[in-house]
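Q: So here's run.pdb (PDB, C-alpha atoms and all ligand atoms).
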ATOM      1  CA  MET A  12      90.435  33.619  40.479  1.00  0.00           C
ATOM      2  CA  HIS A  13      90.477  34.968  36.917  1.00  0.00           C
ATOM      3  CA  SER A  14      93.124  37.602  37.704  1.00  0.00           C
ATOM      4  CA  LEU A  15      95.461  34.965  39.183  1.00  0.00           C
ATOM      5  CA  VAL A  16      95.911  33.128  35.871  1.00  0.00           C
ATOM      6  CA  PRO A  17      98.496  35.491  34.295  1.00  0.00           C
ATOM      7  CA  ARG A  18     100.498  35.454  37.557  1.00  0.00           C
ATOM      8  CA  ILE A  19     100.440  31.649  37.691  1.00  0.00           C
ATOM      9  CA  TRP A  20     101.688  31.511  34.083  1.00  0.00           C
ATOM     10  CA  ARG A  21     104.536  33.913  34.838  1.00  0.00           C
ATOM     11  CA  VAL A  22     105.639  31.632  37.699  1.00  0.00           C
ATOM     12  CA  CYS A  23     105.253  28.480  35.587  1.00  0.00           C
ATOM     13  CA  ALA A  24     107.387  29.992  32.813  1.00  0.00           C
ATOM     14  CA  GLY A  25     110.447  29.726  35.109  1.00  0.00           C
ATOM     15  CA  SER A  26     112.526  26.700  34.102  1.00  0.00           C
ATOM     16  CA  SER A  27     112.845  25.425  37.698  1.00  0.00           C
ATOM     17  CA  PHE A  28     109.093  25.191  38.274  1.00  0.00           C
ATOM     18  CA  LEU A  29     108.033  21.557  38.601  1.00  0.00           C
ATOM     19  CA  SER A  30     104.258  21.476  38.322  1.00  0.00           C
ATOM     20  CA  ALA A  31     103.015  23.602  35.427  1.00  0.00           C
ATOM     21  CA  THR A  32      99.740  21.938  34.511  1.00  0.00           C
ATOM     22  CA  ASN A  33     100.694  21.039  30.945  1.00  0.00           C
ATOM     23  CA  GLY A  34     104.296  20.098  31.764  1.00  0.00           C
ATOM     24  CA  LEU A  35     107.705  21.478  32.681  1.00  0.00           C
ATOM     25  CA  PRO A  36     108.402  24.357  30.232  1.00  0.00           C
ATOM     26  CA  ALA A  37     111.907  23.126  29.298  1.00  0.00           C
ATOM     27  CA  LEU A  38     110.570  19.610  28.687  1.00  0.00           C
ATOM     28  CA  LEU A  39     107.662  20.978  26.628  1.00  0.00           C
ATOM     29  CA  GLY A  40     110.110  22.966  24.497  1.00  0.00           C
ATOM     30  CA  HIS A  41     112.165  19.844  23.821  1.00  0.00           C
ATOM     31  CA  LEU A  42     109.057  17.782  23.002  1.00  0.00           C
ATOM     32  CA  GLU A  43     107.869  20.525  20.665  1.00  0.00           C
ATOM     33  CA  THR A  44     111.147  20.350  18.728  1.00  0.00           C
ATOM     34  CA  LEU A  45     110.770  16.563  18.415  1.00  0.00           C
ATOM     35  CA  ARG A  46     107.118  16.886  17.379  1.00  0.00           C
ATOM     36  CA  LYS A  47     107.951  19.344  14.613  1.00  0.00           C
ATOM     37  CA  ALA A  48     110.886  17.231  13.401  1.00  0.00           C
ATOM     38  CA  TYR A  49     109.047  13.906  13.343  1.00  0.00           C
ATOM     39  CA  HIS A  50     105.388  14.800  12.861  1.00  0.00           C
ATOM     40  CA  GLY A  51     105.524  18.219  11.182  1.00  0.00           C
ATOM     41  CA  PRO A  52     105.033  18.711   7.447  1.00  0.00           C
ATOM     42  CA  GLY A  53     108.511  17.559   6.330  1.00  0.00           C
ATOM     43  CA  ALA A  54     111.392  16.422   8.513  1.00  0.00           C
ATOM     44  CA  GLY A  55     114.598  18.240   9.470  1.00  0.00           C
ATOM     45  CA  ALA A  56     115.628  21.418  11.256  1.00  0.00           C
ATOM     46  CA  GLU A  57     114.577  23.749   8.422  1.00  0.00           C
ATOM     47  CA  ALA A  58     111.044  22.337   8.219  1.00  0.00           C
ATOM     48  CA  ALA A  59     110.833  22.427  12.029  1.00  0.00           C
ATOM     49  CA  ALA A  60     111.771  26.123  12.073  1.00  0.00           C
ATOM     50  CA  ALA A  61     109.205  26.923   9.369  1.00  0.00           C
ATOM     51  CA  TYR A  62     106.422  25.049  11.168  1.00  0.00           C
ATOM     52  CA  THR A  63     104.534  27.633  13.144  1.00  0.00           C
ATOM     53  CA  VAL A  64     101.386  25.820  14.319  1.00  0.00           C
ATOM     54  CA  PRO A  65     100.837  26.968  17.935  1.00  0.00           C
ATOM     55  CA  ARG A  66     102.086  24.661  20.685  1.00  0.00           C
ATOM     56  CA  ALA A  67      99.661  21.855  21.387  1.00  0.00           C
ATOM     57  CA  SER A  68     101.792  19.507  23.502  1.00  0.00           C
ATOM     58  CA  LEU A  69     100.679  18.261  26.898  1.00  0.00           C
ATOM     59  CA  VAL A  70     102.763  15.968  29.106  1.00  0.00           C
ATOM     60  CA  SER A  71     100.804  13.012  30.495  1.00  0.00           C
ATOM     61  CA  THR A  72     101.614   9.827  32.349  1.00  0.00           C
ATOM     62  CA  GLY A  73     101.557   7.694  29.180  1.00  0.00           C
ATOM     63  CA  SER A  74      99.408   7.814  26.090  1.00  0.00           C
ATOM     64  CA  GLN A  75      96.670   5.696  27.697  1.00  0.00           C
ATOM     65  CA  ASP A  76      96.278   8.482  30.265  1.00  0.00           C
ATOM     66  CA  ALA A  77      96.198  11.183  27.571  1.00  0.00           C
ATOM     67  CA  LEU A  78      93.824   9.214  25.334  1.00  0.00           C
ATOM     68  CA  SER A  79      91.338   8.477  28.112  1.00  0.00           C
ATOM     69  CA  LYS A  80      91.247  12.173  29.068  1.00  0.00           C
ATOM     70  CA  ALA A  81      90.792  13.227  25.436  1.00  0.00           C
ATOM     71  CA  PHE A  82      87.988  10.701  24.904  1.00  0.00           C
ATOM     72  CA  GLU A  83      86.242  11.829  28.082  1.00  0.00           C
ATOM     73  CA  MET A  84      86.298  15.394  26.733  1.00  0.00           C
ATOM     74  CA  VAL A  85      84.627  14.532  23.426  1.00  0.00           C
ATOM     75  CA  CYS A  86      82.554  11.389  24.164  1.00  0.00           C
ATOM     76  CA  GLY A  87      79.736  10.354  26.421  1.00  0.00           C
ATOM     77  CA  PRO A  88      77.054   7.664  26.272  1.00  0.00           C
ATOM     78  CA  GLY A  89      75.771   7.463  22.692  1.00  0.00           C
ATOM     79  CA  THR A  90      78.246   9.948  21.195  1.00  0.00           C
ATOM     80  CA  PRO A  91      79.091   8.737  17.681  1.00  0.00           C
ATOM     81  CA  LEU A  92      82.847   8.348  17.205  1.00  0.00           C
ATOM     82  CA  LEU A  93      84.506   7.330  13.928  1.00  0.00           C
ATOM     83  CA  VAL A  94      87.151   4.665  14.587  1.00  0.00           C
ATOM     84  CA  GLU A  95      89.461   2.681  12.354  1.00  0.00           C
ATOM     85  CA  ALA A  96      88.562  -0.983  11.942  1.00  0.00           C
ATOM     86  CA  PRO A  97      90.548  -2.572  13.443  1.00  0.00           C
ATOM     87  CA  THR A  98      91.756  -0.113  16.064  1.00  0.00           C
ATOM     88  CA  TYR A  99      93.925  -0.203  19.183  1.00  0.00           C
ATOM     89  CA  SER A 100      92.378  -2.583  21.736  1.00  0.00           C
ATOM     90  CA  GLY A 101      93.599  -0.419  24.651  1.00  0.00           C
ATOM     91  CA  SER A 102      91.401   2.435  23.401  1.00  0.00           C
ATOM     92  CA  LEU A 103      88.400   0.148  22.973  1.00  0.00           C
ATOM     93  CA  ALA A 104      88.859  -0.854  26.621  1.00  0.00           C
ATOM     94  CA  PHE A 105      87.757   2.597  27.758  1.00  0.00           C
ATOM     95  CA  LEU A 106      85.642   3.675  24.786  1.00  0.00           C
ATOM     96  CA  ARG A 107      83.202   0.805  25.338  1.00  0.00           C
ATOM     97  CA  PRO A 108      82.549   1.494  29.070  1.00  0.00           C
ATOM     98  CA  LEU A 109      82.241   5.192  28.165  1.00  0.00           C
ATOM     99  CA  GLY A 110      79.290   4.162  25.976  1.00  0.00           C
ATOM    100  CA  ALA A 111      80.514   5.870  22.788  1.00  0.00           C
ATOM    101  CA  ALA A 112      78.692   4.709  19.628  1.00  0.00           C
ATOM    102  CA  LEU A 113      81.639   3.403  17.607  1.00  0.00           C
ATOM    103  CA  VAL A 114      81.341   3.926  13.850  1.00  0.00           C
ATOM    104  CA  PRO A 115      83.872   1.734  12.006  1.00  0.00           C
ATOM    105  CA  VAL A 116      85.858   3.036   9.016  1.00  0.00           C
ATOM    106  CA  ALA A 117      87.835   0.560   6.859  1.00  0.00           C
ATOM    107  CA  THR A 118      91.641   0.430   6.834  1.00  0.00           C
ATOM    108  CA  ASP A 119      94.187  -1.273   4.587  1.00  0.00           C
ATOM    109  CA  ASP A 120      98.003  -1.481   4.453  1.00  0.00           C
ATOM    110  CA  GLY A 121      98.127   2.311   4.022  1.00  0.00           C
ATOM    111  CA  GLY A 122      95.962   3.070   7.091  1.00  0.00           C
ATOM    112  CA  LEU A 123      92.486   4.591   7.075  1.00  0.00           C
ATOM    113  CA  VAL A 124      90.786   4.401   3.651  1.00  0.00           C
ATOM    114  CA  PRO A 125      89.478   7.883   2.683  1.00  0.00           C
ATOM    115  CA  ALA A 126      86.789   6.425   0.376  1.00  0.00           C
ATOM    116  CA  SER A 127      85.405   4.417   3.295  1.00  0.00           C
ATOM    117  CA  LEU A 128      85.302   7.523   5.481  1.00  0.00           C
ATOM    118  CA  ALA A 129      83.441   9.421   2.750  1.00  0.00           C
ATOM    119  CA  ALA A 130      81.006   6.509   2.252  1.00  0.00           C
ATOM    120  CA  VAL A 131      80.295   6.103   5.989  1.00  0.00           C
ATOM    121  CA  LEU A 132      79.608   9.817   6.351  1.00  0.00           C
ATOM    122  CA  GLY A 133      77.639   9.995   3.102  1.00  0.00           C
ATOM    123  CA  SER A 134      75.164   7.300   4.157  1.00  0.00           C
ATOM    124  CA  PHE A 135      75.187   8.043   7.887  1.00  0.00           C
ATOM    125  CA  GLU A 136      71.724   9.586   8.153  1.00  0.00           C
ATOM    126  CA  ARG A 137      70.211   6.702   6.184  1.00  0.00           C
ATOM    127  CA  ASP A 138      72.132   3.991   8.093  1.00  0.00           C
ATOM    128  CA  ARG A 139      71.639   5.443  11.591  1.00  0.00           C
ATOM    129  CA  PRO A 140      68.472   7.554  11.497  1.00  0.00           C
ATOM    130  CA  GLY A 141      68.058   9.914  14.411  1.00  0.00           C
ATOM    131  CA  THR A 142      71.741   9.688  15.426  1.00  0.00           C
ATOM    132  CA  PRO A 143      73.719  12.937  15.243  1.00  0.00           C
ATOM    133  CA  LYS A 144      76.540  12.875  12.684  1.00  0.00           C
ATOM    134  CA  PRO A 145      79.978  12.100  14.161  1.00  0.00           C
ATOM    135  CA  ARG A 146      82.135  15.119  14.924  1.00  0.00           C
ATOM    136  CA  CYS A 147      85.232  13.211  15.836  1.00  0.00           C
ATOM    137  CA  LEU A 148      87.565  10.670  14.193  1.00  0.00           C
ATOM    138  CA  TYR A 149      89.999   8.550  16.204  1.00  0.00           C
ATOM    139  CA  THR A 150      92.802   7.596  13.822  1.00  0.00           C
ATOM    140  CA  ILE A 151      96.369   6.394  14.358  1.00  0.00           C
ATOM    141  CA  PRO A 152      98.128   8.000  11.370  1.00  0.00           C
ATOM    142  CA  ASN A 153     101.644   6.708  12.078  1.00  0.00           C
ATOM    143  CA  GLY A 154     102.384   3.034  12.755  1.00  0.00           C
ATOM    144  CA  SER A 155      98.853   1.926  13.518  1.00  0.00           C
ATOM    145  CA  ASN A 156      98.206  -0.671  16.197  1.00  0.00           C
ATOM    146  CA  PRO A 157      97.380  -3.418  15.242  1.00  0.00           C
ATOM    147  CA  THR A 158      97.961  -3.061  11.464  1.00  0.00           C
ATOM    148  CA  GLY A 159     101.280  -1.142  11.419  1.00  0.00           C
ATOM    149  CA  GLY A 160      99.994   0.999   8.518  1.00  0.00           C
ATOM    150  CA  SER A 161     100.872   4.694   8.157  1.00  0.00           C
ATOM    151  CA  LEU A 162      98.993   7.313   6.166  1.00  0.00           C
ATOM    152  CA  SER A 163     100.673   8.770   3.077  1.00  0.00           C
ATOM    153  CA  GLU A 164     100.596  12.533   2.659  1.00  0.00           C
ATOM    154  CA  ALA A 165      98.012  12.141  -0.130  1.00  0.00           C
ATOM    155  CA  ARG A 166      95.651  10.201   2.165  1.00  0.00           C
ATOM    156  CA  ARG A 167      96.143  12.717   4.970  1.00  0.00           C
ATOM    157  CA  ARG A 168      95.096  15.495   2.593  1.00  0.00           C
ATOM    158  CA  GLU A 169      92.045  13.515   1.412  1.00  0.00           C
ATOM    159  CA  ILE A 170      90.945  12.784   4.983  1.00  0.00           C
ATOM    160  CA  TYR A 171      91.450  16.411   5.939  1.00  0.00           C
ATOM    161  CA  ALA A 172      89.371  17.533   2.953  1.00  0.00           C
ATOM    162  CA  ILE A 173      86.537  15.140   3.870  1.00  0.00           C
ATOM    163  CA  GLY A 174      86.637  16.438   7.467  1.00  0.00           C
ATOM    164  CA  ALA A 175      86.598  20.042   6.281  1.00  0.00           C
ATOM    165  CA  ARG A 176      83.549  19.358   4.043  1.00  0.00           C
ATOM    166  CA  CYS A 177      81.712  17.690   6.952  1.00  0.00           C
ATOM    167  CA  ALA A 178      82.539  20.538   9.331  1.00  0.00           C
ATOM    168  CA  TRP A 179      81.038  22.909   6.791  1.00  0.00           C
ATOM    169  CA  HIS A 180      77.818  20.826   6.598  1.00  0.00           C
ATOM    170  CA  LEU A 181      77.610  20.576  10.409  1.00  0.00           C
ATOM    171  CA  ARG A 182      78.009  24.350  10.702  1.00  0.00           C
ATOM    172  CA  GLN A 183      75.309  24.958   8.095  1.00  0.00           C
ATOM    173  CA  ARG A 184      72.948  22.548   9.854  1.00  0.00           C
ATOM    174  CA  SER A 185      73.490  24.036  13.290  1.00  0.00           C
ATOM    175  CA  ARG A 186      72.546  27.450  11.875  1.00  0.00           C
ATOM    176  CA  GLN A 187      69.206  26.187  10.533  1.00  0.00           C
TER     177      GLN A 187
HETATM  178  C1  LIG B 201      98.142   3.152  19.287  1.00  0.00           C
HETATM  179  C2  LIG B 201      98.529   3.090  20.736  1.00  0.00           C
HETATM  180  N1  LIG B 201      98.060   4.027  21.571  1.00  0.00           N
HETATM  181  C3  LIG B 201      98.365   3.997  22.891  1.00  0.00           C
HETATM  182  C4  LIG B 201      99.181   3.027  23.427  1.00  0.00           C
HETATM  183  C5  LIG B 201      99.473   3.023  24.905  1.00  0.00           C
HETATM  184  O1  LIG B 201     100.693   3.639  25.127  1.00  0.00           O
HETATM  185  P1  LIG B 201     101.260   3.892  26.614  1.00  0.00           P
HETATM  186  O2  LIG B 201     101.852   2.577  27.021  1.00  0.00           O
HETATM  187  O3  LIG B 201     102.282   4.965  26.431  1.00  0.00           O
HETATM  188  O4  LIG B 201     100.157   4.289  27.512  1.00  0.00           O
HETATM  189  C6  LIG B 201      99.694   2.018  22.603  1.00  0.00           C
HETATM  190  C7  LIG B 201     100.533   0.966  23.146  1.00  0.00           C
HETATM  191  O5  LIG B 201     100.880   0.003  22.498  1.00  0.00           O
HETATM  192  C8  LIG B 201      99.361   2.051  21.224  1.00  0.00           C
HETATM  193  O6  LIG B 201      99.810   1.115  20.366  1.00  0.00           O
END
Could you express the structure from this file as structure tokens?
Ligand SMILES: Cc1ncc(COP(=O)(O)O)c(C=O)c1O

A:
Amino acid sequence: MHSLVPRIWRVCAGSSFLSATNGLPALLGHLETLRKAYHGPGAGAEAAAAYTVPRASLVSTGSQDALSKAFEMVCGPGTPLLVEAPTYSGSLAFLRPLGAALVPVATDDGGLVPASLAAVLGSFERDRPGTPKPRCLYTIPNGSNPTGGSLSEARRREIYAIGARCAWHLRQRSRQ
């Protein structure tokens, strides 16, 4: 089985192949260009060319399909998941039956509030004793539903820094 994988990828790389598991290669290439242009660090062809984060696109049958698969990968009954308050009701519709322990983080006109994220994480052990710290944040950074807010670059950097600090603490703890 293992040795078949490179052969399958060679076949899937052909532009006429219809069922590569993560999407038609030509379509993925086009989507990647759009992703870099609209969601990369800076818009325009030059920024897109300079943006070299490895491809992470996956074609799905709608974002509900993609979201439910992503949530099933990271959540199970009792898994703590940081979510914006309020968040997209369509996601709550499958997060609740999945049994995830939703941990609300405040939002305002500019999207998720970094200070709220830091406060929730800072007091987590005291507020929810015995619950493992969340490892995952579900945020809608552009055009949130229902608020319509989008994160500024400054907030994105703050949130990233908080996440990086927490990852460091989680790594230290798991080594103990
Ligand atoms: C934030 C958000 N995620 C997901 C979806 C679902 O999108 P789709 O209809 O592509 O499944 C919506 C639809 O409004 C949405 O607002």

Q: Show me which residues line ligand LIG 201 (chain B), defined as having an atom within 7 Å of a ligand atom where all atoms listed in the file count, and present them as JSON, numbers by chain.

A: {"A": [73, 74, 75, 76, 99, 101, 151, 155, 156]}

Q: Check what the PyMOL selection byres (((chain A and resi 146) around 10) and not hetatm) selects in the file above and give those residues as a short mmCIF file (atom, residue, chain, number, x, y, z; two decimals) with C-alpha atoms, in the coordinates of the input.

A:
data_model
loop_
_atom_site.label_atom_id
_atom_site.label_comp_id
_atom_site.auth_asym_id
_atom_site.auth_seq_id
_atom_site.Cartn_x
_atom_site.Cartn_y
_atom_site.Cartn_z
CA VAL A 85 84.63 14.53 23.43
CA CYS A 86 82.55 11.39 24.16
CA THR A 90 78.25 9.95 21.20
CA PRO A 91 79.09 8.74 17.68
CA LEU A 92 82.85 8.35 17.20
CA LEU A 93 84.51 7.33 13.93
CA PRO A 143 73.72 12.94 15.24
CA LYS A 144 76.54 12.88 12.68
CA PRO A 145 79.98 12.10 14.16
CA CYS A 147 85.23 13.21 15.84
CA LEU A 148 87.56 10.67 14.19
CA GLY A 174 86.64 16.44 7.47
CA CYS A 177 81.71 17.69 6.95
CA ALA A 178 82.54 20.54 9.33
CA LEU A 181 77.61 20.58 10.41
#

Q: For range 96-98 of chain A, work out the shell of residues within 8 Å, counting all atoms listed in the file and skipping chain neighbours fewer than 5 positions away, then give it as JSON, numbers by chain.

A: {"A": [103, 115, 116, 117, 118, 155, 156, 157, 158]}

Q: Report, in Å with one decimal, the straight-line distance from CA of Gly160 in chain A to CA of Pro125 in chain A.

A: 13.9 Å

Q: Quick one: distance from CA of Ser161 in chain A to CA of Val131 in chain A in Å, one decimal?

A: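 A separation of 20.7 Å between them.
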
Q: Just say which residues the PyMOL selection byres (((chain A and resi 124) around 12) and not hetatm) picks in this file, as an MDAnalysis selection string.

A: chainID A and resid 94:96 115:123 125:131 150 152 160:163 165:170 173

Q: The selected residues should be written to file as a compact mmCIF listing (two decimals), in the frame of the given file (atoms: C-alpha atoms).

A:
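Wrote result.txt, looks like this:
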# COMPACT_ATOMS: atom_id res chain seq x y z
CA VAL A 94 87.15 4.66 14.59
CA GLU A 95 89.46 2.68 12.35
CA ALA A 96 88.56 -0.98 11.94
CA PRO A 115 83.87 1.73 12.01
CA VAL A 116 85.86 3.04 9.02
CA ALA A 117 87.84 0.56 6.86
CA THR A 118 91.64 0.43 6.83
CA ASP A 119 94.19 -1.27 4.59
CA ASP A 120 98.00 -1.48 4.45
CA GLY A 121 98.13 2.31 4.02
CA GLY A 122 95.96 3.07 7.09
CA LEU A 123 92.49 4.59 7.08
CA PRO A 125 89.48 7.88 2.68
CA ALA A 126 86.79 6.42 0.38
CA SER A 127 85.40 4.42 3.30
CA LEU A 128 85.30 7.52 5.48
CA ALA A 129 83.44 9.42 2.75
CA ALA A 130 81.01 6.51 2.25
CA VAL A 131 80.30 6.10 5.99
CA THR A 150 92.80 7.60 13.82
CA PRO A 152 98.13 8.00 11.37
CA GLY A 160 99.99 1.00 8.52
CA SER A 161 100.87 4.69 8.16
CA LEU A 162 98.99 7.31 6.17
CA SER A 163 100.67 8.77 3.08
CA ALA A 165 98.01 12.14 -0.13
CA ARG A 166 95.65 10.20 2.16
CA ARG A 167 96.14 12.72 4.97
CA ARG A 168 95.10 15.50 2.59
CA GLU A 169 92.04 13.52 1.41
CA ILE A 170 90.94 12.78 4.98
CA ILE A 173 86.54 15.14 3.87

Q: Can you measure CA of Ser71 in chain A to CA of Arg107 in chain A for me? One decimal in Å is fine.

A: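 Computing it gives 22.0 Å between the two atoms.
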
Q: Please evaluate the PyMOL selection byres (((chain A and resi 111) around 6) and not hetatm) against the displayed coordinates and give the resulting residues as number ranges by chain.

A: A: 87-90, 106, 109-110, 112-113
